[in-house]
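Some notes on the structure that comes next.
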Amino acid sequence: MFPHISPSQPKPNSFQIFFVQSPNRRRRRRSLLPGVHAGRPQLPPPPLSARTGFDLGCCAEVPHFLMDSPVWGFSIKLWPLSESTRLMVIDRMTENPSTETLFSRKYGRLDKEEARENAKRIEETCFASVDEHFKEEPDGDGSSAVQLYARETSKLMVEVLKRGPRASAELEAPVVIDAPLEPADTVLDISGGKRAFIDTDEAKELLIPLTKPGNSYKRICFSNRSFGIDAANVAGPILESIKKQITEVDISDFVAGRPEDEALDVMRIFSKALEGSVLRYLNISDNALGEKGVRAFEELLKSQDNLEEFSVMNDGISEEAAKALSELIPSTEILKVLHFHNNMTGDEGALSIAEMVKRSSNLESFRCSATRIGSDGGVALAEALGTCTRLKKLDLRDNLFGVEAGIALSKTLPKLPDLVELYLSDLNLENKGTIAIANALKQSAPRLEVLEMAGNEITAKATQALAECLTVMQSLKKLTLAENELEDRGAVVIAKTLENSHPDLKELDVSTNMLRRAGARCFAQAIADKPGFVQLNINGNFISDEGIEEVKKILKSGKNSLSVLGSLDENDPEGEPGDGDEEGDEEDDEGGLDSKLQNLNVEQD
């Protein structure tokens, strides 16, 4: 359960050098790094970094044992990173500083525009520096370069976080309600520095501030440091002495490298010490808990009646562990944030999570992505979400829902009028599930700012319903339809809907959609004059060289510059869609599509 590794080594589950495709997709796409092919053994997605408060996702450290493993059976060239990977790093660095973390509570949350500006600047600076170093001192597969890139980007982003947000009267309202900022001495964070074991003497030294009479510490973060029995015995009495004033506890990733029995004992010590505390925030992620680990926290969990935020991400939450969580947490009535990302919950475990969700009518942010939930579990979860009428952010990405669960979700969405962000990528919704969800959103989601439905096998047949749905979403800022099969016919319908509306749209991702020249041109026209637009991603398609030039010309002649056009390193100008419908192919020439675009009408209520 607990890996026997030195904490000075990178965590086996804390890296992901490239963004691989979701295992539930029927058609595998190209990998983002040259020389790596879809269908090969894949790395697990990384946990959020408790130390920095954000996760680069695609560029954390690579353990040497992985590169030497015979399981791979092929060579990987890790540097230079592809343009797509670099863009994903920027996206990840943009997302995390602008969401709720210990760092954002301590120093203030960045708005997304400011976060993206900093992310782009940092990534470009670090990439250039590391690339120069790599050219001067090549290291073979480039793993050292990737590690250096990860360290430098993380370090600079932490500096940005500590500097805090710039003053502005136009900061976006957060999706989740922030706790009021308090003086820095209310937070004790020992997660910085090298990831390592903590011995008795170091534990005493690090925790001295908590022993001073009259201290005002309310928030503690012990993540990224590995506690053994001796260090835990030091921490236990100290925590027990101040537990009445503690309101936020982050003990994610705090037993790395410990034998299972010792790790469980450490958890029990912390659980006993904090029993009876009145917490609003608890993070026990990245501890490979399983059912044994969950039950090791029994005393702490059972005593919590006021939790507002609870995270158990990347914790090996199986069916049995999910049942234990549902059983041990007595009250979730005031819970606002519940995150289960990257577990092995499955359908049976989803039933237990659904029971927790039913009791959590005040939820504002629910994340249950990458949890191996299939159709039955998806239906149960969708039905349970109907009680969460205050939900603002819903993330169910990368599960095995299928059409039936998609239809069940469509029946719940009208009950969630306050949704601002909706993440439904990689759910195998297909056209039927997509149309059902689009029709539901058309009636119920006018405030939506983010809609992601990538990797759902959506074809042109579903685009009319999507277009009608998008018409009512005039606050939309980000639309992701990547990894589908829209083709040019579907592109025309979506692009026409976006062209003369959606003034706040900033990001559009229609990569890997079998688009050709006409479809690409339509999307360029749709966003060319939108103020504040940031990125158009049409990569991974079959756009001719002439088509690319036309796209660039359209962007140059509009209000936006070429800088909004994303990478085209995976575009195949000589390729052809391999499995598109033959029906209507004659319409897909430039003249036919242009005519269709001119005459297109999208229904508006």
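By order of appearance in the structure tokens: chains A, B, ..., then residues from 1 within every chain, and ligands from 1 in the order shown.
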Query - Spatial neighbours of A:Arg280, 8 Å, only C-alpha atoms, chain gap at least 3 places, as a list in words - result: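 Returned residues: Thr247, Glu248, Asn306, Leu307, Glu308 and Glu309 of chain A.
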Restricting it to N, CA, C and O atoms, dump the selection as a PDB file, in the first residue's frame.
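Written out: again.pdb:
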ATOM      1  N   THR A 247      -8.389  25.362  12.397  1.00  0.00           N
ATOM      2  CA  THR A 247      -9.557  25.269  11.522  1.00  0.00           C
ATOM      3  C   THR A 247      -9.249  24.637  10.169  1.00  0.00           C
ATOM      4  O   THR A 247     -10.163  24.194   9.475  1.00  0.00           O
ATOM      5  N   GLU A 248      -7.967  24.607   9.778  1.00  0.00           N
ATOM      6  CA  GLU A 248      -7.606  24.042   8.483  1.00  0.00           C
ATOM      7  C   GLU A 248      -6.374  23.162   8.626  1.00  0.00           C
ATOM      8  O   GLU A 248      -5.361  23.582   9.192  1.00  0.00           O
ATOM      9  N   ASN A 306     -18.374  20.185  10.982  1.00  0.00           N
ATOM     10  CA  ASN A 306     -18.405  21.512  10.371  1.00  0.00           C
ATOM     11  C   ASN A 306     -17.519  21.635   9.135  1.00  0.00           C
ATOM     12  O   ASN A 306     -17.181  22.734   8.716  1.00  0.00           O
ATOM     13  N   LEU A 307     -17.152  20.509   8.538  1.00  0.00           N
ATOM     14  CA  LEU A 307     -16.288  20.559   7.356  1.00  0.00           C
ATOM     15  C   LEU A 307     -16.968  21.292   6.210  1.00  0.00           C
ATOM     16  O   LEU A 307     -18.113  21.006   5.850  1.00  0.00           O
ATOM     17  N   GLU A 308     -16.236  22.229   5.610  1.00  0.00           N
ATOM     18  CA  GLU A 308     -16.694  22.920   4.410  1.00  0.00           C
ATOM     19  C   GLU A 308     -15.929  22.445   3.171  1.00  0.00           C
ATOM     20  O   GLU A 308     -16.459  22.511   2.063  1.00  0.00           O
ATOM     21  N   GLU A 309     -14.691  21.982   3.372  1.00  0.00           N
ATOM     22  CA  GLU A 309     -13.878  21.508   2.252  1.00  0.00           C
ATOM     23  C   GLU A 309     -13.165  20.215   2.654  1.00  0.00           C
ATOM     24  O   GLU A 309     -12.522  20.159   3.704  1.00  0.00           O
TER      25      GLU A 309
END
**Report entry** Residues within 9 Å of stretch 350-353 of chain A, only C-alpha atoms, excluding chain neighbours under 6 positions, as a PyMOL selection string
**Finding:** chain A and resi 319+322-327+371+373-374+376-378+380-381
Requested in this report: Taking the chain letters and numbering used in this document, name the residues of stretch 145-384 of chain A that DSSP puts in alpha helix (DSSP H), as an MDAnalysis selection string.
Outcome: chainID A and resid 145:163 200:206 208:211 229:242 260:274 290:296 298:302 319:328 346:358 375:384
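Close contacts of stretch 519-531 of chain A, defined as residues with an atom at most 8 Å away when counting only C-alpha atoms, with chain neighbours fewer than 3 positions off set aside, comprise Glu487, Asp488, Arg489, Ala491, Val492, Ala495, Lys496, Leu498, Glu499, Asn500, Pro503, Asp504, Leu505, Leu515, Arg516, Leu536, Ile538, Ile543, Gly547, Ile548, Glu550, Val551, Ile554, Leu555, Ser557, Gly558, Lys559 and Asn560 of chain A.
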Report task. Enter the distance from atom CA of A:Ile242 to atom CA of A:Pro209, in Å, rounded to one decimal. Result ->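 Between atom CA of A:Ile242 and atom CA of A:Pro209 the gap is 11.3 Å.
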Query raised in the report: Within 6 Å of stretch 405-418 of chain A, counting only C-alpha atoms, which residues qualify if same-chain residues fewer than 3 places away don't, as an MDAnalysis selection string?
Result: chainID A and resid 375 378:379 382 386 389 392 401:402 429 433 436:437 440 444:445
So that I have them on file, write out the residues from the current selection with C-alpha atoms, as a compact mmCIF listing (two decimals), in the first residue's frame.
# COMPACT_ATOMS: atom_id res chain seq x y z
CA SER A 375 -22.58 3.46 -16.24
CA GLY A 378 -22.54 7.31 -13.11
CA VAL A 379 -26.33 7.05 -12.98
CA ALA A 382 -25.98 11.89 -11.43
CA GLY A 386 -29.81 16.58 -8.00
CA THR A 389 -28.80 22.88 -6.09
CA LYS A 392 -21.11 26.02 -9.21
CA PHE A 401 -20.16 6.82 -17.89
CA GLY A 402 -21.46 6.06 -21.38
CA LEU A 429 -21.20 10.24 -24.07
CA GLY A 433 -25.67 11.50 -24.46
CA ALA A 436 -29.42 15.05 -24.10
CA ILE A 437 -26.97 17.12 -22.05
CA ALA A 440 -30.71 20.26 -20.71
CA SER A 444 -30.72 25.71 -17.37
CA ALA A 445 -27.15 27.03 -17.66
Could you make a table, as a tab-separated table, of the residues of stretch 192-251 of chain A that have an atom within 7 Å of an atom of stretch 255-263 of chain A, each with its nearest atom pair and distance in Å to one decimal, counting only C-alpha atoms, in chain and number order?
residue	atom	partner	partner_atom	distance
A:Ser226	CA	A:Val255	CA	4.6
A:Phe227	CA	A:Val255	CA	5.5
A:Gly228	CA	A:Glu262	CA	6.7
A:Ile229	CA	A:Glu262	CA	6.6
Requested in this report: Find, counting only C-alpha atoms, the residue in A:Ala235, A:Leu396, A:Leu279, A:Leu385 that gets nearest to A:Arg372.
Outcome: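 The closest residue to A:Arg372 is A:Leu396.
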Query raised in the report: Within 6 Å of stretch 112-119 of chain A, counting only C-alpha atoms, which residues qualify if same-chain residues fewer than 4 places away don't, as a PyMOL selection string?
Result: chain A and resi 90+93-94+98+123
**Report entry** Near-A:Asn428 list (7 Å; only C-alpha atoms; drop same-chain fewer than 2 positions) as a list in words
**Finding:** Arg25, Leu400, Phe401, Gly402, Val403, Asp426, Glu430, Asn456 and Glu457 of chain A
Take the residues from that selection and write them out as a CSV table (one decimal), in the first residue's frame, keeping C-alpha atoms.
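Below you can see result.csv, which holds the result:
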chain,number,residue,atom,x,y,z
A,25,ARG,CA,-11.6,6.3,-25.5
A,400,LEU,CA,-16.7,5.4,-18.1
A,401,PHE,CA,-20.2,6.8,-17.9
A,402,GLY,CA,-21.5,6.1,-21.4
A,403,VAL,CA,-24.8,7.1,-22.9
A,426,ASP,CA,-13.8,11.6,-21.7
A,430,GLU,CA,-21.4,9.8,-27.8
A,456,ASN,CA,-16.8,12.0,-26.3
A,457,GLU,CA,-17.0,10.8,-29.9
Query raised in the report: What does the distance from atom CA of A:Val89 to atom CA of A:Asp398 come to in Å, to one decimal?
Result: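 We find that atom CA of A:Val89 and atom CA of A:Asp398 lie 19.0 Å from each other.
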Report task. Between A:Ser544, A:Ser511, A:Ser361, A:Ser561, single out the one closest to A:Ser84, counting only C-alpha atoms. Result -> A:Ser511
Query - Selection: 12 Å around A:Phe197, only C-alpha atoms, excl. self and same-chain fewer than 3 positions, as a PyMOL selection string - result: chain A and resi 5-9+191+193-194+200-203+222-232+253-258
Requested in this report: Can you work out which one of A:Glu159, A:Glu507, A:Glu355, A:Glu452 has the shortest atom-to-atom distance to A:Leu394, counting only C-alpha atoms?
Outcome: A:Glu452
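Among the candidates A:Glu546, A:Asp265, A:Asp250, A:Glu95, the residue lying nearest to A:Asn283 is A:Asp250 (atoms considered: only C-alpha atoms).
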